[in-house]
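Visitor: Next up, entry_21.cif (mmCIF, C-alpha atoms and all ligand atoms).
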```
data_run
loop_
_atom_site.label_atom_id
_atom_site.label_comp_id
_atom_site.auth_asym_id
_atom_site.auth_seq_id
_atom_site.Cartn_x
_atom_site.Cartn_y
_atom_site.Cartn_z
CA MET K 1 -237.89 275.24 -5.66
CA GLU K 2 -235.63 277.46 -3.58
CA GLN K 3 -236.46 281.20 -3.44
CA LYS K 4 -233.56 282.53 -5.42
CA HIS K 5 -234.38 285.27 -7.90
CA ILE K 6 -235.16 288.91 -7.11
CA PHE K 7 -237.97 290.23 -9.30
CA LEU K 8 -238.38 293.98 -9.66
CA ILE K 9 -241.96 294.85 -10.48
CA GLY K 10 -243.83 298.13 -10.87
CA PHE K 11 -245.39 300.57 -13.27
CA MET K 12 -243.63 301.76 -16.42
CA GLY K 13 -241.02 304.33 -15.42
CA SER K 14 -240.83 303.17 -11.80
CA GLY K 15 -237.09 302.58 -12.29
CA LYS K 16 -237.00 298.78 -12.59
CA THR K 17 -234.36 298.64 -15.34
CA SER K 18 -231.90 301.10 -13.75
CA VAL K 19 -232.38 299.70 -10.25
CA ALA K 20 -231.94 296.12 -11.51
CA LYS K 21 -228.58 297.03 -13.07
CA CYS K 22 -227.32 298.62 -9.87
CA LEU K 23 -228.72 295.86 -7.65
CA SER K 24 -227.27 293.03 -9.71
CA SER K 25 -223.77 294.48 -9.47
CA MET K 26 -224.22 295.31 -5.78
CA LEU K 27 -225.27 291.73 -5.01
CA GLY K 28 -223.01 290.04 -7.58
CA LEU K 29 -225.96 288.42 -9.36
CA GLU K 30 -226.72 288.00 -13.05
CA LEU K 31 -229.16 290.46 -14.59
CA ALA K 32 -232.16 289.81 -16.81
CA GLU K 33 -234.35 292.51 -18.34
CA MET K 34 -237.55 290.84 -19.51
CA ASP K 35 -238.44 293.32 -22.26
CA GLN K 36 -234.92 293.22 -23.69
CA THR K 37 -234.80 289.42 -23.50
CA ILE K 38 -238.14 289.14 -25.33
CA GLU K 39 -236.96 291.61 -27.98
CA LYS K 40 -233.84 289.50 -28.50
CA GLN K 41 -235.73 286.20 -28.55
CA GLN K 42 -238.26 287.51 -31.08
CA ASP K 43 -235.82 289.74 -32.95
CA MET K 44 -238.48 292.47 -32.78
CA SER K 45 -239.07 295.59 -30.69
CA ILE K 46 -241.80 295.54 -28.02
CA SER K 47 -243.72 298.15 -30.04
CA ASP K 48 -243.58 295.92 -33.15
CA ILE K 49 -244.66 292.84 -31.19
CA PHE K 50 -247.68 294.79 -29.88
CA SER K 51 -248.62 296.23 -33.26
CA THR K 52 -248.07 293.01 -35.24
CA TYR K 53 -249.33 290.30 -32.87
CA GLY K 54 -251.23 292.20 -30.16
CA GLU K 55 -250.89 292.56 -26.40
CA GLU K 56 -252.12 289.03 -25.56
CA HIS K 57 -249.31 287.50 -27.60
CA PHE K 58 -246.77 289.67 -25.76
CA ARG K 59 -248.28 288.58 -22.43
CA ASN K 60 -247.85 284.92 -23.45
CA LEU K 61 -244.19 285.60 -24.21
CA GLU K 62 -243.76 287.11 -20.74
CA THR K 63 -245.25 284.02 -19.08
CA LYS K 64 -243.07 281.71 -21.16
CA LEU K 65 -239.96 283.70 -20.22
CA LEU K 66 -240.78 283.62 -16.49
CA ILE K 67 -240.92 279.83 -16.71
CA GLU K 68 -237.61 279.65 -18.63
CA LEU K 69 -235.90 281.86 -16.04
CA GLN K 70 -236.71 279.41 -13.25
CA GLU K 71 -233.95 277.14 -14.53
CA LYS K 72 -231.29 279.85 -14.28
CA GLU K 73 -228.83 280.63 -11.51
CA PRO K 74 -230.01 283.34 -9.06
CA MET K 75 -230.66 286.60 -10.91
CA VAL K 76 -232.03 290.08 -10.54
CA ILE K 77 -234.94 290.20 -12.99
CA SER K 78 -236.44 293.46 -14.19
CA CYS K 79 -240.03 292.65 -15.20
CA GLY K 80 -242.27 294.46 -17.65
CA GLY K 81 -244.76 296.85 -16.06
CA GLY K 82 -247.65 294.53 -16.88
CA THR K 83 -246.04 291.24 -15.84
CA PRO K 84 -247.87 290.97 -12.47
CA MET K 85 -251.28 291.57 -14.10
CA ARG K 86 -251.62 287.84 -14.77
CA GLU K 87 -252.28 285.63 -11.74
CA GLU K 88 -250.25 282.92 -13.41
CA ASN K 89 -247.22 285.20 -13.59
CA ILE K 90 -247.47 286.09 -9.90
CA LYS K 91 -247.48 282.36 -9.12
CA GLU K 92 -244.46 281.73 -11.34
CA MET K 93 -242.51 284.58 -9.73
CA LYS K 94 -243.33 283.46 -6.19
CA LYS K 95 -242.20 279.93 -7.03
CA SER K 96 -238.66 281.00 -7.71
CA GLY K 97 -238.02 284.24 -5.86
CA LYS K 98 -238.94 287.38 -3.99
CA THR K 99 -240.70 290.34 -5.57
CA ILE K 100 -239.87 293.98 -4.91
CA LEU K 101 -242.46 296.55 -5.97
CA LEU K 102 -241.06 299.95 -6.95
CA THR K 103 -243.62 302.74 -6.71
CA ALA K 104 -243.64 306.39 -7.82
CA SER K 105 -246.30 309.07 -8.12
CA PRO K 106 -247.98 309.64 -11.52
CA GLU K 107 -246.13 312.98 -11.69
CA THR K 108 -242.75 311.29 -11.16
CA ILE K 109 -243.63 308.59 -13.72
CA TYR K 110 -244.69 311.21 -16.26
CA GLY K 111 -241.37 313.01 -15.85
CA ARG K 112 -239.48 309.76 -16.46
CA VAL K 113 -241.43 308.53 -19.52
CA LYS K 114 -242.40 311.72 -21.33
CA ASP K 115 -239.50 311.70 -23.80
CA SER K 116 -239.45 307.98 -24.64
CA HIS K 117 -241.43 306.26 -27.38
CA ASP K 118 -240.97 302.57 -26.66
CA ARG K 119 -244.04 301.97 -24.50
CA PRO K 120 -247.03 301.20 -26.72
CA LEU K 121 -249.53 301.43 -23.84
CA LEU K 122 -248.59 305.04 -23.13
CA GLU K 123 -247.71 306.29 -26.59
CA GLN K 124 -251.14 307.80 -27.36
CA ASN K 125 -251.89 308.67 -23.73
CA LYS K 126 -248.85 310.26 -22.19
CA THR K 127 -250.64 312.39 -19.60
CA ILE K 128 -250.63 312.44 -15.80
CA PRO K 129 -254.40 311.66 -15.52
CA TYR K 130 -254.07 308.63 -17.82
CA ILE K 131 -251.00 307.35 -15.97
CA LYS K 132 -252.88 307.77 -12.68
CA GLU K 133 -255.93 305.89 -13.99
CA LEU K 134 -253.90 302.94 -15.30
CA MET K 135 -251.80 302.88 -12.13
CA ASP K 136 -254.89 302.88 -9.90
CA ASN K 137 -256.35 300.00 -11.91
CA ARG K 138 -253.16 298.01 -11.55
CA GLN K 139 -252.36 298.80 -7.93
CA PRO K 140 -254.26 295.86 -6.35
CA LYS K 141 -252.37 293.36 -8.51
CA TYR K 142 -249.03 295.03 -7.83
CA GLU K 143 -249.69 294.89 -4.10
CA GLN K 144 -250.86 291.30 -4.28
CA ALA K 145 -247.64 290.36 -6.06
CA ALA K 146 -245.25 292.32 -3.82
CA ASP K 147 -243.15 290.83 -1.03
CA HIS K 148 -241.62 294.26 -0.36
CA ILE K 149 -242.59 297.78 -1.45
CA ILE K 150 -240.09 300.59 -2.08
CA VAL K 151 -241.17 304.18 -2.75
CA THR K 152 -238.78 305.66 -5.32
CA ASP K 153 -239.86 309.32 -5.56
CA HIS K 154 -236.94 311.72 -5.04
CA LYS K 155 -234.46 308.90 -4.34
CA SER K 156 -231.28 308.06 -6.23
CA ILE K 157 -230.80 304.63 -7.79
CA GLN K 158 -228.09 303.94 -5.21
CA GLU K 159 -230.42 304.82 -2.31
CA ILE K 160 -233.14 302.57 -3.71
CA CYS K 161 -230.69 299.66 -4.04
CA GLU K 162 -229.47 300.12 -0.47
CA GLU K 163 -233.08 300.04 0.73
CA ILE K 164 -233.77 296.86 -1.19
CA LYS K 165 -230.65 295.22 0.21
CA ILE K 166 -231.82 295.97 3.76
CA LYS K 167 -235.33 294.61 3.04
CA ILE K 168 -234.17 291.36 1.52
CA ASN K 169 -231.74 290.70 4.36
CA GLN K 170 -234.37 291.24 7.06
C1 LIG T 201 -245.77 297.36 -20.19
C2 LIG T 201 -244.55 297.82 -19.73
C3 LIG T 201 -243.32 297.79 -20.54
C4 LIG T 201 -243.40 296.68 -21.60
C5 LIG T 201 -244.66 296.81 -22.40
C6 LIG T 201 -245.92 296.74 -21.53
C7 LIG T 201 -246.96 297.45 -19.30
O1 LIG T 201 -242.19 297.58 -19.70
O2 LIG T 201 -243.32 295.43 -21.00
O3 LIG T 201 -244.61 298.03 -23.09
O4 LIG T 201 -247.97 296.80 -19.58
O5 LIG T 201 -246.88 298.17 -18.28
P1 LIG T 201 -241.55 298.73 -18.76
O6 LIG T 201 -242.32 298.72 -17.49
O7 LIG T 201 -240.14 298.26 -18.57
O8 LIG T 201 -241.64 300.02 -19.48
#
```
How does the structure come out when it is put into structure tokens?
Ligand code: S3P
Guide:
Amino acid sequence: MEQKHIFLIGFMGSGKTSVAKCLSSMLGLELAEMDQTIEKQQDMSISDIFSTYGEEHFRNLETKLLIELQEKEPMVISCGGGTPMREENIKEMKKSGKTILLTASPETIYGRVKDSHDRPLLEQNKTIPYIKELMDNRQPKYEQAADHIIVTDHKSIQEICEEIKIKINQ
């Protein structure tokens, strides 16, 4: 299959959703936000899916969605923060596109997520040390999945999009 989609991956609060919106309009591509698509498909919030059916069930929904998206026209796809944790998901993404990893320091992430309540994995643990621990555990998988890496600390959404555009055209 041709390499057509652009997948934005990275930790919760790394800016995937906002950057995907900007990038899709900059490149004239359709936009898909995986969490929002799953919420629509299931008619349930992510928090309710986690609390009712558990994390594994949510992970299965992510894998199923990645496979469904392969049939679509080229898109910018904002993934969930945990999407690249499954080897299978990395394979599915690489089959149909390029992956851009957005990174940010635990301090930056904390500042971005501290007032929201829609991330079940952080809800009871919204501290910089916990964010750092989870991020460190995930980093090898993120790096394994990434075709390109963009550091987002202290950058505007527009700057990040410009950087991505340069990387994908190289
Ligand atoms: C998760 C990240 C969330 C969402 C779910 C699990 C994770 O997406 O998919 O709460 O495991 O990191 P965002 O990264 O868009 O917050």
Visitor: In the coordinate frame of the file, compute which residues have an atom within 12 Å of (-253.7, 309.6, -16.6) when using all atoms listed in the file, and state them as a ChimeraX atom specification.
Guide: /K:105-107,109-110,121-122,124-137
Visitor: To check your reading of the model: which residues sit at most 6 Å from ligand LIG 201 (chain T) when counting all atoms listed in the file? Write the answer as a list in words.
Guide: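 The residues near ligand LIG 201 (chain T) are Phe11, Met12, Gly13, Asp35, Gly80, Gly81, Gly82, Arg119 and Pro120 of chain K.
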Visitor: Would you list the contacts of Ile157 of chain K as a list in words, taking every protein, DNA or RNA residue within 12 Å and counting all atoms listed in the file, but skipping same-chain residues closer than 6 positions in sequence?
Guide: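 Residues meeting the cut-off are Ser14, Gly15, Lys16, Thr17, Ser18, Val19, Ala20, Lys21, Cys22, Leu23, Met26, Leu102, Ile150, Val151, Glu163 and Ile164 of chain K.
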Visitor: Please provide the set of residues having any atom within 8 Å of Met34 of chain K, restricted to all atoms listed in the file, with same-chain residues fewer than 5 positions apart removed, written as a VMD selection string.
Guide: chain K and resid 62 65 77 to 80
Visitor: Select, from K:Leu66, K:Ile38, K:Ala32, K:Val113, the residue with the minimum atom-to-atom distance to Lys95 of chain K, counting all atoms listed in the file.
Guide: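 Going through K:Leu66, K:Ile38, K:Ala32, K:Val113 one by one, the smallest distance to Lys95 of chain K is for K:Leu66.
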